[in-house]
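Novice: Contents of final-v6.cif (mmCIF, C-alpha atoms):
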```
data_my_file
loop_
_atom_site.group_PDB
_atom_site.id
_atom_site.type_symbol
_atom_site.label_atom_id
_atom_site.label_comp_id
_atom_site.auth_asym_id
_atom_site.auth_seq_id
_atom_site.Cartn_x
_atom_site.Cartn_y
_atom_site.Cartn_z
ATOM 1 C CA MET A 1 -0.613 17.515 -15.895
ATOM 2 C CA LEU A 2 -0.767 15.204 -18.920
ATOM 3 C CA ALA A 3 0.727 12.342 -16.893
ATOM 4 C CA GLN A 4 -1.771 12.838 -14.084
ATOM 5 C CA ARG A 5 -4.649 12.752 -16.569
ATOM 6 C CA LEU A 6 -3.645 9.347 -17.935
ATOM 7 C CA ALA A 7 -5.132 7.452 -15.002
ATOM 8 C CA SER A 8 -8.481 9.179 -15.627
ATOM 9 C CA ILE A 9 -8.821 7.766 -19.161
ATOM 10 C CA LEU A 10 -7.990 4.186 -18.186
ATOM 11 C CA PRO A 11 -10.806 1.691 -17.502
ATOM 12 C CA SER A 12 -11.704 0.923 -13.900
ATOM 13 C CA LEU A 13 -9.976 -2.015 -12.253
ATOM 14 C CA SER A 14 -11.550 -5.395 -12.879
ATOM 15 C CA PRO A 15 -12.352 -7.505 -9.770
ATOM 16 C CA ARG A 16 -9.201 -9.569 -10.287
ATOM 17 C CA GLU A 17 -7.033 -6.476 -10.762
ATOM 18 C CA LEU A 18 -8.626 -4.846 -7.722
ATOM 19 C CA LEU A 19 -7.720 -7.868 -5.600
ATOM 20 C CA ASP A 20 -4.091 -7.773 -6.773
ATOM 21 C CA VAL A 21 -3.769 -4.036 -6.121
ATOM 22 C CA SER A 22 -5.369 -4.351 -2.687
ATOM 23 C CA MET A 23 -3.087 -7.222 -1.649
ATOM 24 C CA VAL A 24 0.055 -5.269 -2.567
ATOM 25 C CA ALA A 25 -1.226 -2.165 -0.757
ATOM 26 C CA SER A 26 -2.078 -4.256 2.299
ATOM 27 C CA ILE A 27 1.420 -5.773 2.471
ATOM 28 C CA ALA A 28 2.903 -2.283 2.217
ATOM 29 C CA GLY A 29 0.630 -1.044 5.007
ATOM 30 C CA GLU A 30 -1.108 1.465 2.724
ATOM 31 C CA LEU A 31 -4.636 0.038 2.801
ATOM 32 C CA ALA A 32 -6.103 2.582 5.206
ATOM 33 C CA GLY A 33 -9.139 1.264 7.067
ATOM 34 C CA GLY A 34 -9.551 -1.602 4.620
ATOM 35 C CA GLU A 35 -10.963 0.771 1.991
ATOM 36 C CA LEU A 36 -10.977 -0.463 -1.613
ATOM 37 C CA SER A 37 -11.194 1.598 -4.782
ATOM 38 C CA ASP A 38 -11.575 0.626 -8.427
ATOM 39 C CA ARG A 39 -9.426 3.581 -9.519
ATOM 40 C CA ARG A 40 -6.094 2.592 -10.984
ATOM 41 C CA PRO A 41 -3.051 3.418 -8.843
ATOM 42 C CA PHE A 42 -1.041 6.539 -9.670
ATOM 43 C CA ARG A 43 2.362 6.755 -7.996
ATOM 44 C CA ALA A 44 4.763 9.694 -8.404
ATOM 45 C CA PRO A 45 7.875 9.195 -6.232
ATOM 46 C CA HIS A 46 10.413 12.002 -5.780
ATOM 47 C CA HIS A 47 13.652 11.736 -7.751
ATOM 48 C CA SER A 48 15.577 11.252 -4.488
ATOM 49 C CA ALA A 49 13.905 7.828 -3.987
ATOM 50 C CA SER A 50 16.305 4.987 -3.200
ATOM 51 C CA MET A 51 16.405 1.649 -5.004
ATOM 52 C CA ALA A 52 14.642 -0.028 -2.069
ATOM 53 C CA ALA A 53 11.900 2.583 -2.179
ATOM 54 C CA MET A 54 11.486 2.127 -5.929
ATOM 55 C CA VAL A 55 11.577 -1.653 -6.431
ATOM 56 C CA GLY A 56 11.107 -2.825 -2.848
ATOM 57 C CA GLY A 57 13.345 -4.041 -0.073
ATOM 58 C CA GLY A 58 14.172 -3.415 3.546
ATOM 59 C CA PHE A 59 14.280 -5.885 6.418
ATOM 60 C CA LYS A 60 10.865 -7.377 5.595
ATOM 61 C CA ALA A 61 11.225 -6.920 1.811
ATOM 62 C CA ARG A 62 8.180 -4.709 1.437
ATOM 63 C CA PRO A 63 6.927 -3.747 -2.053
ATOM 64 C CA GLY A 64 8.248 -0.544 -3.587
ATOM 65 C CA GLU A 65 6.702 2.157 -5.761
ATOM 66 C CA VAL A 66 6.801 -0.036 -8.876
ATOM 67 C CA SER A 67 4.667 -2.733 -7.257
ATOM 68 C CA LEU A 68 2.364 -0.171 -5.610
ATOM 69 C CA ALA A 69 1.689 1.116 -9.134
ATOM 70 C CA HIS A 70 0.735 -2.404 -10.321
ATOM 71 C CA ASN A 71 -2.158 -2.226 -12.839
ATOM 72 C CA GLY A 72 -1.770 1.547 -12.828
ATOM 73 C CA VAL A 73 0.641 4.381 -13.613
ATOM 74 C CA LEU A 74 4.144 5.081 -12.309
ATOM 75 C CA PHE A 75 5.082 8.704 -13.049
ATOM 76 C CA LEU A 76 8.730 9.739 -12.800
ATOM 77 C CA ASP A 77 9.148 13.485 -13.121
ATOM 78 C CA GLU A 78 12.643 14.898 -13.792
ATOM 79 C CA PHE A 79 13.621 11.483 -15.164
ATOM 80 C CA PRO A 80 17.427 11.977 -15.402
ATOM 81 C CA GLU A 81 17.560 13.285 -11.828
ATOM 82 C CA PHE A 82 16.948 9.763 -10.489
ATOM 83 C CA THR A 83 20.209 7.928 -9.874
ATOM 84 C CA PRO A 84 21.282 5.672 -12.775
ATOM 85 C CA GLN A 85 21.154 2.612 -10.493
ATOM 86 C CA VAL A 86 17.523 3.305 -9.562
ATOM 87 C CA LEU A 87 16.553 3.846 -13.198
ATOM 88 C CA ASP A 88 18.240 0.655 -14.378
ATOM 89 C CA SER A 89 16.470 -1.290 -11.626
ATOM 90 C CA LEU A 90 13.265 -0.650 -13.620
ATOM 91 C CA ARG A 91 14.451 -2.730 -16.557
ATOM 92 C CA GLN A 92 13.326 -6.101 -15.161
ATOM 93 C CA PRO A 93 9.846 -4.919 -14.040
ATOM 94 C CA LEU A 94 9.225 -3.275 -17.417
ATOM 95 C CA GLU A 95 10.254 -6.448 -19.220
ATOM 96 C CA VAL A 96 8.575 -9.187 -17.151
ATOM 97 C CA GLY A 97 6.020 -7.309 -15.023
ATOM 98 C CA GLU A 98 7.478 -8.479 -11.703
ATOM 99 C CA CYS A 99 9.881 -7.262 -9.019
ATOM 100 C CA MET A 100 12.039 -9.955 -7.463
ATOM 101 C CA ILE A 101 13.638 -9.021 -4.136
ATOM 102 C CA ALA A 102 16.376 -11.434 -3.089
ATOM 103 C CA ARG A 103 17.799 -11.501 0.446
ATOM 104 C CA ALA A 104 20.108 -13.905 2.257
ATOM 105 C CA ASN A 105 17.272 -15.722 4.014
ATOM 106 C CA HIS A 106 14.347 -15.303 1.633
ATOM 107 C CA ARG A 107 13.226 -14.210 -1.822
ATOM 108 C CA VAL A 108 9.989 -12.390 -2.610
ATOM 109 C CA THR A 109 8.349 -11.610 -5.936
ATOM 110 C CA TYR A 110 5.778 -8.825 -6.237
ATOM 111 C CA PRO A 111 3.654 -8.051 -9.318
ATOM 112 C CA ALA A 112 4.642 -4.903 -11.235
ATOM 113 C CA ARG A 113 2.673 -4.533 -14.483
ATOM 114 C CA ILE A 114 2.766 -0.791 -14.865
ATOM 115 C CA GLN A 115 2.514 1.998 -17.380
ATOM 116 C CA LEU A 116 5.659 4.038 -16.916
ATOM 117 C CA ILE A 117 5.374 7.749 -17.688
ATOM 118 C CA ALA A 118 8.567 9.790 -17.501
ATOM 119 C CA ALA A 119 9.054 13.502 -18.090
ATOM 120 C CA MET A 120 12.340 15.318 -18.587
ATOM 121 C CA ASN A 121 13.826 18.601 -19.704
ATOM 122 C CA PRO A 122 16.075 18.478 -22.782
ATOM 123 C CA CYS A 123 19.069 19.557 -20.663
ATOM 124 C CA ARG A 124 19.943 20.507 -17.098
ATOM 125 C CA CYS A 125 19.079 24.164 -17.618
ATOM 126 C CA GLY A 126 15.878 23.195 -19.410
ATOM 127 C CA MET A 127 16.312 25.591 -22.331
ATOM 128 C CA ALA A 128 18.105 23.567 -25.029
ATOM 129 C CA GLY A 129 16.503 24.111 -28.415
ATOM 130 C CA GLU A 130 14.639 27.260 -27.355
ATOM 131 C CA PRO A 131 14.929 30.057 -29.949
ATOM 132 C CA GLY A 132 17.397 32.727 -28.859
ATOM 133 C CA HIS A 133 18.862 30.631 -26.053
ATOM 134 C CA SER A 134 22.158 28.787 -25.779
ATOM 135 C CA CYS A 135 23.327 26.713 -22.835
ATOM 136 C CA ALA A 136 26.342 27.999 -20.927
ATOM 137 C CA ARG A 137 27.964 24.571 -21.259
ATOM 138 C CA GLY A 138 27.133 24.291 -24.935
ATOM 139 C CA ALA A 139 26.055 21.034 -26.583
ATOM 140 C CA ARG A 140 27.463 19.008 -23.663
ATOM 141 C CA CYS A 141 24.669 20.305 -21.431
ATOM 142 C CA LYS A 142 22.086 18.319 -23.373
ATOM 143 C CA THR A 143 24.313 15.356 -24.219
ATOM 144 C CA ASP A 144 25.518 14.738 -20.667
ATOM 145 C CA TYR A 145 22.057 15.180 -19.174
ATOM 146 C CA GLN A 146 20.320 12.752 -21.501
ATOM 147 C CA ALA A 147 23.195 10.263 -21.186
ATOM 148 C CA ARG A 148 22.127 9.659 -17.578
ATOM 149 C CA ILE A 149 19.421 7.371 -19.031
ATOM 150 C CA SER A 150 20.902 4.118 -20.302
ATOM 151 C CA GLY A 151 20.259 2.800 -23.789
ATOM 152 C CA PRO A 152 18.650 -0.475 -22.600
ATOM 153 C CA LEU A 153 16.151 1.483 -20.480
ATOM 154 C CA MET A 154 15.302 3.858 -23.331
ATOM 155 C CA ASP A 155 14.792 0.825 -25.575
ATOM 156 C CA ARG A 156 11.974 -0.249 -23.254
ATOM 157 C CA ILE A 157 10.122 3.073 -23.648
ATOM 158 C CA ASP A 158 7.617 2.815 -26.488
ATOM 159 C CA LEU A 159 6.404 6.403 -26.934
ATOM 160 C CA ARG A 160 8.707 9.414 -26.977
ATOM 161 C CA VAL A 161 6.859 12.649 -27.470
ATOM 162 C CA GLU A 162 8.431 16.081 -27.839
ATOM 163 C CA VAL A 163 6.506 18.681 -25.859
ATOM 164 C CA PRO A 164 7.264 22.265 -26.997
ATOM 165 C CA SER A 165 7.145 25.129 -24.541
ATOM 166 C CA VAL A 166 3.841 26.985 -24.160
ATOM 167 C CA SER A 167 3.775 30.784 -24.358
ATOM 168 C CA PRO A 168 1.364 32.989 -22.375
ATOM 169 C CA GLY A 169 -0.350 33.775 -25.670
ATOM 170 C CA ASP A 170 -1.052 30.070 -26.224
ATOM 171 C CA LEU A 171 -2.748 29.915 -22.831
ATOM 172 C CA ILE A 172 -4.844 33.014 -23.486
ATOM 173 C CA ARG A 173 -6.036 31.789 -26.884
ATOM 174 C CA ALA A 174 -6.394 28.160 -25.841
ATOM 175 C CA LYS A 175 -9.305 26.266 -27.359
ATOM 176 C CA PRO A 176 -11.153 23.551 -25.424
ATOM 177 C CA GLY A 177 -9.652 20.147 -26.034
ATOM 178 C CA GLU A 178 -11.259 16.715 -26.107
ATOM 179 C CA ALA A 179 -12.665 15.798 -22.703
ATOM 180 C CA SER A 180 -11.121 12.924 -20.747
ATOM 181 C CA ALA A 181 -14.500 11.160 -20.675
ATOM 182 C CA SER A 182 -14.574 11.028 -24.475
ATOM 183 C CA VAL A 183 -11.027 9.669 -24.673
ATOM 184 C CA ALA A 184 -11.828 7.143 -21.941
ATOM 185 C CA LYS A 185 -14.644 5.689 -24.065
ATOM 186 C CA ARG A 186 -12.249 5.087 -26.976
ATOM 187 C CA VAL A 187 -9.728 3.490 -24.661
ATOM 188 C CA ALA A 188 -12.405 1.241 -23.141
ATOM 189 C CA ARG A 189 -13.527 0.051 -26.606
ATOM 190 C CA ALA A 190 -9.931 -0.713 -27.571
ATOM 191 C CA ARG A 191 -9.354 -2.624 -24.317
ATOM 192 C CA VAL A 192 -12.485 -4.722 -24.947
ATOM 193 C CA ARG A 193 -11.264 -5.540 -28.487
ATOM 194 C CA GLN A 194 -7.902 -6.646 -27.135
ATOM 195 C CA SER A 195 -9.350 -8.725 -24.317
ATOM 196 C CA GLU A 196 -11.745 -10.509 -26.686
ATOM 197 C CA ARG A 197 -8.954 -11.115 -29.202
ATOM 198 C CA TYR A 198 -6.706 -12.883 -26.731
ATOM 199 C CA ALA A 199 -9.573 -14.767 -25.113
ATOM 200 C CA ALA A 200 -10.437 -16.182 -28.552
ATOM 201 C CA LEU A 201 -6.815 -17.356 -28.831
ATOM 202 C CA GLY A 202 -7.038 -19.110 -25.463
ATOM 203 C CA GLN A 203 -4.916 -16.453 -23.730
ATOM 204 C CA GLN A 204 -7.285 -15.385 -20.951
ATOM 205 C CA ASP A 205 -4.411 -14.002 -18.858
ATOM 206 C CA ILE A 206 -3.594 -11.430 -21.560
ATOM 207 C CA THR A 207 -5.901 -8.424 -21.700
ATOM 208 C CA MET A 208 -3.876 -5.895 -23.691
ATOM 209 C CA ASN A 209 -1.329 -5.771 -26.495
ATOM 210 C CA ALA A 210 1.503 -4.634 -24.214
ATOM 211 C CA HIS A 211 1.450 -8.040 -22.491
ATOM 212 C CA CYS A 212 1.353 -10.083 -25.687
ATOM 213 C CA PRO A 213 4.367 -12.451 -25.929
ATOM 214 C CA THR A 214 6.717 -11.976 -28.856
ATOM 215 C CA ALA A 215 5.868 -15.449 -30.175
ATOM 216 C CA LEU A 216 2.273 -14.328 -30.690
ATOM 217 C CA ILE A 217 2.474 -10.647 -31.622
ATOM 218 C CA GLU A 218 3.292 -11.205 -35.320
ATOM 219 C CA ASP A 219 0.174 -13.365 -35.692
ATOM 220 C CA VAL A 220 -1.947 -10.787 -33.867
ATOM 221 C CA ALA A 221 -0.505 -7.767 -35.676
ATOM 222 C CA GLN A 222 -1.654 -8.520 -39.197
ATOM 223 C CA MET A 223 -0.284 -5.917 -41.660
ATOM 224 C CA ASP A 224 -1.008 -5.096 -45.285
ATOM 225 C CA ASP A 225 1.837 -5.133 -47.847
ATOM 226 C CA GLY A 226 2.537 -1.413 -47.556
ATOM 227 C CA SER A 227 2.840 -1.620 -43.777
ATOM 228 C CA THR A 228 5.146 -4.638 -43.953
ATOM 229 C CA HIS A 229 7.510 -2.931 -46.381
ATOM 230 C CA LEU A 230 7.526 0.294 -44.365
ATOM 231 C CA LEU A 231 8.420 -1.473 -41.120
ATOM 232 C CA ALA A 232 11.086 -3.619 -42.808
ATOM 233 C CA ASP A 233 12.730 -0.569 -44.400
ATOM 234 C CA ALA A 234 12.636 1.403 -41.162
ATOM 235 C CA ALA A 235 14.048 -1.479 -39.127
ATOM 236 C CA ASP A 236 16.924 -1.857 -41.600
ATOM 237 C CA LYS A 237 17.792 1.846 -41.914
ATOM 238 C CA MET A 238 17.365 2.747 -38.235
ATOM 239 C CA LYS A 239 18.914 -0.452 -36.841
ATOM 240 C CA PHE A 240 16.035 -1.291 -34.497
ATOM 241 C CA SER A 241 16.725 -3.944 -31.896
ATOM 242 C CA ALA A 242 14.533 -7.046 -31.806
ATOM 243 C CA ARG A 243 12.813 -5.573 -28.729
ATOM 244 C CA ALA A 244 12.135 -2.286 -30.539
ATOM 245 C CA TYR A 245 10.738 -4.134 -33.566
ATOM 246 C CA HIS A 246 8.214 -6.094 -31.515
ATOM 247 C CA ARG A 247 7.278 -3.074 -29.414
ATOM 248 C CA ILE A 248 6.546 -1.081 -32.581
ATOM 249 C CA LEU A 249 4.216 -3.885 -33.642
ATOM 250 C CA LYS A 250 2.412 -3.722 -30.292
ATOM 251 C CA VAL A 251 2.010 0.061 -30.491
ATOM 252 C CA ALA A 252 0.766 -0.151 -34.090
ATOM 253 C CA ARG A 253 -1.718 -2.887 -33.104
ATOM 254 C CA THR A 254 -3.015 -0.625 -30.325
ATOM 255 C CA LEU A 255 -3.329 2.361 -32.676
ATOM 256 C CA ALA A 256 -5.362 0.180 -35.050
ATOM 257 C CA ASP A 257 -7.571 -0.929 -32.141
ATOM 258 C CA LEU A 258 -8.224 2.712 -31.230
ATOM 259 C CA ASP A 259 -9.327 3.218 -34.852
ATOM 260 C CA ASP A 260 -11.576 0.098 -34.685
ATOM 261 C CA SER A 261 -9.494 -1.470 -37.454
ATOM 262 C CA ASP A 262 -8.852 -5.211 -37.750
ATOM 263 C CA CYS A 263 -5.780 -4.718 -39.949
ATOM 264 C CA ILE A 264 -2.747 -2.567 -39.217
ATOM 265 C CA GLY A 265 -2.418 0.094 -41.888
ATOM 266 C CA ARG A 266 0.603 1.997 -43.121
ATOM 267 C CA ILE A 267 -0.483 5.040 -41.099
ATOM 268 C CA HIS A 268 -0.428 3.009 -37.877
ATOM 269 C CA ILE A 269 3.091 1.692 -38.535
ATOM 270 C CA ALA A 270 4.313 5.174 -39.470
ATOM 271 C CA GLU A 271 2.896 6.673 -36.269
ATOM 272 C CA ALA A 272 4.370 3.906 -34.096
ATOM 273 C CA ILE A 273 7.800 4.425 -35.697
ATOM 274 C CA SER A 274 7.573 8.203 -35.214
ATOM 275 C CA TYR A 275 7.039 7.692 -31.483
ATOM 276 C CA ARG A 276 10.112 5.476 -31.308
ATOM 277 C CA ILE A 277 12.439 8.027 -32.999
ATOM 278 C CA ALA A 278 11.021 11.275 -31.584
ATOM 279 C CA GLY A 279 13.204 14.357 -31.130
ATOM 280 C CA ASP A 280 15.510 15.735 -28.513
ATOM 281 C CA GLN A 281 13.089 17.164 -25.962
ATOM 282 C CA LEU A 282 11.423 14.100 -24.516
ATOM 283 C CA SER A 283 8.461 13.187 -22.437
ATOM 284 C CA ALA A 284 8.485 9.407 -22.513
ATOM 285 C CA ALA A 285 5.869 6.691 -21.889
ATOM 286 C CA ALA A 286 5.907 2.785 -21.548
#
```
Would it be possible to restate this file's structure as structure tokens?
Specialist:
Amino acid sequence: MLAQRLASILPSLSPRELLDVSMVASIAGELAGGELSDRRPFRAPHHSASMAAMVGGGFKARPGEVSLAHNGVLFLDEFPEFTPQVLDSLRQPLEVGECMIARANHRVTYPARIQLIAAMNPCRCGMAGEPGHSCARGARCKTDYQARISGPLMDRIDLRVEVPSVSPGDLIRAKPGEASASVAKRVARARVRQSERYAALGQQDITMNAHCPTALIEDVAQMDDGSTHLLADAADKMKFSARAYHRILKVARTLADLDDSDCIGRIHIAEAISYRIAGDQLSAAA
């Protein structure tokens, strides 16, 4: 449910984004009756999807689910149940925002700038870590299940959030949460800040921090002394890769934008790091 709500808090497609999304849908034969919508795509393929279905392929090299989710959300439920080959095929699109399909007689490149949302149980039985429960296979149940996701792919996932189980009592006593419309307004303000920032730097093609090149992110992500020391210590002790370091900066810059702050504070760095090193039961986003 949380993954499905994400598309509702994102800004509507800009005219340029709408054109890109419509062109991909048209090539895939999914533009029914020529209808256009400014709602961002939300794709949720089944975990039995093949590599061709995910990244594109076939005789005419049609776009796959990743490209059909361009400028929108790709939701992968039961993340480890996808075959390892299909999951690792996502590494290039997540890194460069494109899917390249190479065949003997032609090569096609489709756009694939997506927000990847993945949900998974902590183990195959789904009960690891629950009080009073132990897996029949012991610790290997969790270890083997989570090992189906490669380290390089996990390194490309910026937010890892543990989602505890909800009891019937929690549902009965549930209090109203913040409405999606309210969250959407904050997101829209942050997107405007980011777009204006990069436009002022002569980077009109960049509209959000996630797309900022590594050569520019350290200039954009200005930190105070406390934040700099915190990130340096964490990177040293936790052995972050260069990719993880720059992605933490991008997440912290976004958190500061959501707080309408020009400077990244210690609290923003700490929160970005906490998402990177979250616990065993994972629901992951990129």
Novice: Return as JSON, numbers by chain the set of residues that the PyMOL selection byres ((chain A and resi 266) around 10) yields on the displayed structure.
Specialist: {"A": [223, 224, 225, 226, 227, 228, 229, 230, 231, 252, 263, 264, 265, 267, 268, 269, 270, 271, 272]}
Novice: Quote the spacing between atom CA of Lys142 of chain A and atom CA of Arg124 of chain A in Å to one decimal place.
Specialist: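 If I compute the distance from atom CA of Lys142 of chain A to atom CA of Arg124 of chain A, I get 7.0 Å.
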Novice: I would like the residues chosen by the PyMOL selection byres ((chain A and resi 78) around 8) on the shown file; could you give them as a PyMOL selection string?
Specialist: chain A and resi 47+76-77+79-82+118-121
Novice: Please report as CSV every residue of segment 104-144 of chain A lying within 9 Å of segment 59-75 of chain A, along with the nearest atom pair and their distance in Å (one decimal), using only C-alpha atoms.
Specialist:
```
residue,atom,partner,partner_atom,distance
A:His106,CA,A:Ala61,CA,8.9
A:Arg107,CA,A:Ala61,CA,8.4
A:Val108,CA,A:Ala61,CA,7.1
A:Thr109,CA,A:Pro63,CA,8.9
A:Tyr110,CA,A:Ser67,CA,6.3
A:Pro111,CA,A:Ser67,CA,5.8
A:Ala112,CA,A:Ser67,CA,4.5
A:Arg113,CA,A:His70,CA,5.1
A:Ile114,CA,A:His70,CA,5.2
A:Gln115,CA,A:Val73,CA,4.8
A:Leu116,CA,A:Leu74,CA,5.0
A:Ile117,CA,A:Phe75,CA,4.7
A:Ala118,CA,A:Phe75,CA,5.8
A:Ala119,CA,A:Phe75,CA,8.0
```
Novice: Write the residues you've just listed into a file as a PDB file, in the coordinates of the input, and include C-alpha atoms for each of them.
Specialist:
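This is the output file again-v1.pdb:
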```
ATOM      1  CA  HIS A 106      14.347 -15.303   1.633  1.00  0.00           C
ATOM      2  CA  ARG A 107      13.226 -14.210  -1.822  1.00  0.00           C
ATOM      3  CA  VAL A 108       9.989 -12.390  -2.610  1.00  0.00           C
ATOM      4  CA  THR A 109       8.349 -11.610  -5.936  1.00  0.00           C
ATOM      5  CA  TYR A 110       5.778  -8.825  -6.237  1.00  0.00           C
ATOM      6  CA  PRO A 111       3.654  -8.051  -9.318  1.00  0.00           C
ATOM      7  CA  ALA A 112       4.642  -4.903 -11.235  1.00  0.00           C
ATOM      8  CA  ARG A 113       2.673  -4.533 -14.483  1.00  0.00           C
ATOM      9  CA  ILE A 114       2.766  -0.791 -14.865  1.00  0.00           C
ATOM     10  CA  GLN A 115       2.514   1.998 -17.380  1.00  0.00           C
ATOM     11  CA  LEU A 116       5.659   4.038 -16.916  1.00  0.00           C
ATOM     12  CA  ILE A 117       5.374   7.749 -17.688  1.00  0.00           C
ATOM     13  CA  ALA A 118       8.567   9.790 -17.501  1.00  0.00           C
ATOM     14  CA  ALA A 119       9.054  13.502 -18.090  1.00  0.00           C
TER      15      ALA A 119
END
```
Novice: Once the PyMOL selection byres ((chain A and resi 13) around 9) is applied to the coordinates I shared, what remains selected? I want it as a PDB file with C-alpha atoms, keeping the file's coordinate frame.
Specialist:
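Generated output (expr.pdb):
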```pdb
ATOM      1  CA  LEU A  10      -7.990   4.186 -18.186  1.00  0.00           C
ATOM      2  CA  PRO A  11     -10.806   1.691 -17.502  1.00  0.00           C
ATOM      3  CA  SER A  12     -11.704   0.923 -13.900  1.00  0.00           C
ATOM      4  CA  SER A  14     -11.550  -5.395 -12.879  1.00  0.00           C
ATOM      5  CA  PRO A  15     -12.352  -7.505  -9.770  1.00  0.00           C
ATOM      6  CA  ARG A  16      -9.201  -9.569 -10.287  1.00  0.00           C
ATOM      7  CA  GLU A  17      -7.033  -6.476 -10.762  1.00  0.00           C
ATOM      8  CA  LEU A  18      -8.626  -4.846  -7.722  1.00  0.00           C
ATOM      9  CA  VAL A  21      -3.769  -4.036  -6.121  1.00  0.00           C
ATOM     10  CA  SER A  37     -11.194   1.598  -4.782  1.00  0.00           C
ATOM     11  CA  ASP A  38     -11.575   0.626  -8.427  1.00  0.00           C
ATOM     12  CA  ARG A  39      -9.426   3.581  -9.519  1.00  0.00           C
ATOM     13  CA  ARG A  40      -6.094   2.592 -10.984  1.00  0.00           C
ATOM     14  CA  ASN A  71      -2.158  -2.226 -12.839  1.00  0.00           C
ATOM     15  CA  GLY A  72      -1.770   1.547 -12.828  1.00  0.00           C
TER      16      GLY A  72
END
```
